[in-house]
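Data file: work.pdb. Format and content: PDB, C-alpha atoms, pLDDT in the B column.
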ATOM      1  CA  GLU A   1      90.948 106.865  97.408  1.00 85.00           C
ATOM      2  CA  PHE A   2      93.818 109.323  97.300  1.00 88.00           C
ATOM      3  CA  LYS A   3      93.900 112.263  99.674  1.00 85.00           C
ATOM      4  CA  GLU A   4      96.278 115.163 100.082  1.00 85.00           C
ATOM      5  CA  ILE A   5      99.132 114.352 102.454  1.00 83.00           C
ATOM      6  CA  GLU A   6      98.821 116.084 105.805  1.00 82.00           C
ATOM      7  CA  ALA A   7     102.191 117.735 106.418  1.00 77.00           C
ATOM      8  CA  SER A   8     101.486 118.017 110.138  1.00 78.00           C
ATOM      9  CA  ARG A   9     101.209 114.219 110.361  1.00 77.00           C
ATOM     10  CA  TYR A  10     104.091 113.506 107.995  1.00 76.00           C
ATOM     11  CA  PRO A  11     106.681 116.260 108.508  1.00 74.00           C
ATOM     12  CA  ILE A  12     109.332 114.645 106.340  1.00 75.00           C
ATOM     13  CA  TRP A  13     107.023 114.996 103.326  1.00 77.00           C
ATOM     14  CA  GLU A  14     107.644 118.741 103.419  1.00 75.00           C
ATOM     15  CA  MET A  15     111.342 118.087 102.797  1.00 75.00           C
ATOM     16  CA  LYS A  16     110.893 115.929  99.708  1.00 73.00           C
ATOM     17  CA  ASP A  17     111.997 118.587  97.198  1.00 75.00           C
ATOM     18  CA  GLU A  18     115.096 119.463  99.190  1.00 76.00           C
ATOM     19  CA  LEU A  19     115.970 115.775  99.605  1.00 73.00           C
ATOM     20  CA  LEU A  20     115.606 115.162  95.886  1.00 73.00           C
ATOM     21  CA  LYS A  21     117.941 118.077  95.093  1.00 77.00           C
ATOM     22  CA  ASN A  22     120.612 117.075  97.615  1.00 77.00           C
ATOM     23  CA  ASP A  23     121.775 113.447  97.524  1.00 72.00           C
ATOM     24  CA  ASN A  24     123.770 113.995 100.708  1.00 81.00           C
ATOM     25  CA  LEU A  25     120.579 114.534 102.693  1.00 84.00           C
ATOM     26  CA  GLY A  26     119.221 111.237 101.398  1.00 84.00           C
ATOM     27  CA  VAL A  27     122.145 109.457 103.038  1.00 88.00           C
ATOM     28  CA  VAL A  28     121.452 111.286 106.300  1.00 89.00           C
ATOM     29  CA  LEU A  29     117.748 110.471 106.207  1.00 88.00           C
ATOM     30  CA  ASN A  30     118.316 106.813 105.355  1.00 89.00           C
ATOM     31  CA  SER A  31     120.862 106.258 108.134  1.00 93.00           C
ATOM     32  CA  ALA A  32     118.766 108.036 110.765  1.00 93.00           C
ATOM     33  CA  ASN A  33     115.561 106.306 109.703  1.00 92.00           C
ATOM     34  CA  GLU A  34     117.110 102.833 109.860  1.00 95.00           C
ATOM     35  CA  VAL A  35     118.360 103.406 113.406  1.00 96.00           C
ATOM     36  CA  GLY A  36     115.018 104.950 114.375  1.00 95.00           C
ATOM     37  CA  VAL A  37     113.122 101.920 113.085  1.00 95.00           C
ATOM     38  CA  GLU A  38     115.481  99.619 114.972  1.00 96.00           C
ATOM     39  CA  LYS A  39     114.908 101.582 118.196  1.00 96.00           C
ATOM     40  CA  PHE A  40     111.143 101.435 117.618  1.00 96.00           C
ATOM     41  CA  LEU A  41     111.186  97.665 117.062  1.00 97.00           C
ATOM     42  CA  LYS A  42     113.119  97.255 120.323  1.00 96.00           C
ATOM     43  CA  GLY A  43     110.461  99.303 122.134  1.00 96.00           C
ATOM     44  CA  GLN A  44     112.892 102.126 122.925  1.00 95.00           C
ATOM     45  CA  ILE A  45     110.904 104.849 121.134  1.00 95.00           C
ATOM     46  CA  GLY A  46     107.400 105.391 119.806  1.00 94.00           C
ATOM     47  CA  PHE A  47     106.501 105.109 116.128  1.00 91.00           C
ATOM     48  CA  LEU A  48     106.194 108.869 115.620  1.00 85.00           C
ATOM     49  CA  ASP A  49     109.612 109.357 117.219  1.00 91.00           C
ATOM     50  CA  ILE A  50     111.229 107.804 114.133  1.00 91.00           C
ATOM     51  CA  ALA A  51     110.375 110.875 112.059  1.00 87.00           C
ATOM     52  CA  GLN A  52     111.471 113.229 114.834  1.00 90.00           C
ATOM     53  CA  LEU A  53     114.868 111.522 115.082  1.00 92.00           C
ATOM     54  CA  SER A  54     115.238 111.675 111.323  1.00 90.00           C
ATOM     55  CA  LEU A  55     114.395 115.390 111.256  1.00 89.00           C
ATOM     56  CA  LYS A  56     116.893 116.090 114.052  1.00 93.00           C
ATOM     57  CA  ALA A  57     119.573 114.217 112.106  1.00 93.00           C
ATOM     58  CA  LEU A  58     118.773 116.202 108.957  1.00 88.00           C
ATOM     59  CA  GLU A  59     119.136 119.390 110.964  1.00 88.00           C
ATOM     60  CA  LYS A  60     122.433 118.336 112.526  1.00 92.00           C
ATOM     61  CA  PHE A  61     124.032 116.884 109.394  1.00 89.00           C
ATOM     62  CA  ASN A  62     122.508 119.182 106.745  1.00 84.00           C
ATOM     63  CA  ASN A  63     125.896 120.530 105.632  1.00 84.00           C
ATOM     64  CA  THR A  64     127.400 117.109 105.093  1.00 83.00           C
ATOM     65  CA  LYS A  65     129.499 116.863 101.935  1.00 85.00           C
ATOM     66  CA  LEU A  66     130.054 113.481 100.348  1.00 87.00           C
ATOM     67  CA  ASN A  67     132.718 113.277  97.664  1.00 89.00           C
ATOM     68  CA  ASN A  68     133.242 109.541  97.382  1.00 91.00           C
ATOM     69  CA  ILE A  69     132.074 106.162  98.674  1.00 92.00           C
ATOM     70  CA  SER A  70     134.437 106.329 101.666  1.00 94.00           C
ATOM     71  CA  ASP A  71     132.753 109.570 102.761  1.00 91.00           C
ATOM     72  CA  ILE A  72     129.350 107.909 102.535  1.00 91.00           C
ATOM     73  CA  PHE A  73     130.391 105.015 104.779  1.00 94.00           C
ATOM     74  CA  ALA A  74     132.085 107.323 107.286  1.00 93.00           C
ATOM     75  CA  VAL A  75     129.129 109.705 107.518  1.00 92.00           C
ATOM     76  CA  ASP A  76     126.662 106.814 107.686  1.00 93.00           C
ATOM     77  CA  GLU A  77     128.529 105.445 110.699  1.00 95.00           C
ATOM     78  CA  GLU A  78     128.676 108.868 112.374  1.00 94.00           C
ATOM     79  CA  ILE A  79     124.949 109.459 111.897  1.00 94.00           C
ATOM     80  CA  ARG A  80     124.015 105.998 113.164  1.00 95.00           C
ATOM     81  CA  ARG A  81     126.151 106.503 116.254  1.00 96.00           C
ATOM     82  CA  TRP A  82     124.593 109.941 116.898  1.00 95.00           C
ATOM     83  CA  VAL A  83     120.998 108.729 116.425  1.00 94.00           C
ATOM     84  CA  SER A  84     121.638 105.699 118.637  1.00 93.00           C
ATOM     85  CA  ASN A  85     122.583 108.044 121.476  1.00 92.00           C
ATOM     86  CA  GLU A  86     119.592 110.372 121.048  1.00 85.00           C
TER
END

Would you put the structure from the file into structure tokens?
Amino acid sequence: EFKEIEASRYPIWEMKDELLKNDNLGVVLNSANEVGVEKFLKGQIGFLDIAQLSLKALEKFNNTKLNNISDIFAVDEEIRRWVSNE
């Protein structure tokens, strides 16, 4: 049975259109989410904190411009470092 997604439970869902329009934000979300999942699996944060970390990263890095593959790797590293310290 399919139900409407509850935005209050899944806040990132509300950003789907913006993420689809801006590839740069996809890089931010992916990097932050991977570190968040790692922190969750280590017992450092709760499950719902993964989304909160990802949203904070999207807020902080929303003006990121990626022009080439080197930019992607550099920004990925910066985001992972930032999320690890949150």

Q: List, as a PyMOL selection string, every residue that the PyMOL selection byres ((chain A and resi 26-31) around 10) selects in the file provided.
A: chain A and resi 12+16+18-25+32-36+51+53-62+64+66+72-73+75-81+83

Selection to disk with C-alpha atoms, as a PDB file, in the coordinates of the input:
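And here is the file that came out, out.pdb:
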ATOM      1  CA  ILE A  12     109.332 114.645 106.340  1.00 75.00           C
ATOM      2  CA  LYS A  16     110.893 115.929  99.708  1.00 73.00           C
ATOM      3  CA  GLU A  18     115.096 119.463  99.190  1.00 76.00           C
ATOM      4  CA  LEU A  19     115.970 115.775  99.605  1.00 73.00           C
ATOM      5  CA  LEU A  20     115.606 115.162  95.886  1.00 73.00           C
ATOM      6  CA  LYS A  21     117.941 118.077  95.093  1.00 77.00           C
ATOM      7  CA  ASN A  22     120.612 117.075  97.615  1.00 77.00           C
ATOM      8  CA  ASP A  23     121.775 113.447  97.524  1.00 72.00           C
ATOM      9  CA  ASN A  24     123.770 113.995 100.708  1.00 81.00           C
ATOM     10  CA  LEU A  25     120.579 114.534 102.693  1.00 84.00           C
ATOM     11  CA  ALA A  32     118.766 108.036 110.765  1.00 93.00           C
ATOM     12  CA  ASN A  33     115.561 106.306 109.703  1.00 92.00           C
ATOM     13  CA  GLU A  34     117.110 102.833 109.860  1.00 95.00           C
ATOM     14  CA  VAL A  35     118.360 103.406 113.406  1.00 96.00           C
ATOM     15  CA  GLY A  36     115.018 104.950 114.375  1.00 95.00           C
ATOM     16  CA  ALA A  51     110.375 110.875 112.059  1.00 87.00           C
ATOM     17  CA  LEU A  53     114.868 111.522 115.082  1.00 92.00           C
ATOM     18  CA  SER A  54     115.238 111.675 111.323  1.00 90.00           C
ATOM     19  CA  LEU A  55     114.395 115.390 111.256  1.00 89.00           C
ATOM     20  CA  LYS A  56     116.893 116.090 114.052  1.00 93.00           C
ATOM     21  CA  ALA A  57     119.573 114.217 112.106  1.00 93.00           C
ATOM     22  CA  LEU A  58     118.773 116.202 108.957  1.00 88.00           C
ATOM     23  CA  GLU A  59     119.136 119.390 110.964  1.00 88.00           C
ATOM     24  CA  LYS A  60     122.433 118.336 112.526  1.00 92.00           C
ATOM     25  CA  PHE A  61     124.032 116.884 109.394  1.00 89.00           C
ATOM     26  CA  ASN A  62     122.508 119.182 106.745  1.00 84.00           C
ATOM     27  CA  THR A  64     127.400 117.109 105.093  1.00 83.00           C
ATOM     28  CA  LEU A  66     130.054 113.481 100.348  1.00 87.00           C
ATOM     29  CA  ILE A  72     129.350 107.909 102.535  1.00 91.00           C
ATOM     30  CA  PHE A  73     130.391 105.015 104.779  1.00 94.00           C
ATOM     31  CA  VAL A  75     129.129 109.705 107.518  1.00 92.00           C
ATOM     32  CA  ASP A  76     126.662 106.814 107.686  1.00 93.00           C
ATOM     33  CA  GLU A  77     128.529 105.445 110.699  1.00 95.00           C
ATOM     34  CA  GLU A  78     128.676 108.868 112.374  1.00 94.00           C
ATOM     35  CA  ILE A  79     124.949 109.459 111.897  1.00 94.00           C
ATOM     36  CA  ARG A  80     124.015 105.998 113.164  1.00 95.00           C
ATOM     37  CA  ARG A  81     126.151 106.503 116.254  1.00 96.00           C
ATOM     38  CA  VAL A  83     120.998 108.729 116.425  1.00 94.00           C
TER      39      VAL A  83
END

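One finds atom CA of A:Glu1 at 27.8 Å from atom CA of A:Gly46.
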
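When only C-alpha atoms are used to measure the gap to A:Leu48, the shortest distance among A:Lys65, A:Phe2, A:Ala74, A:Tyr10 belongs to A:Tyr10.
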
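Going from atom CA of A:Phe40 to atom CA of A:Asp71 covers 27.5 Å.
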
Q) Which distance in Å separates atom CA of A:Glu4 and atom CA of A:Lys39, to one decimal? A) 29.3 Å
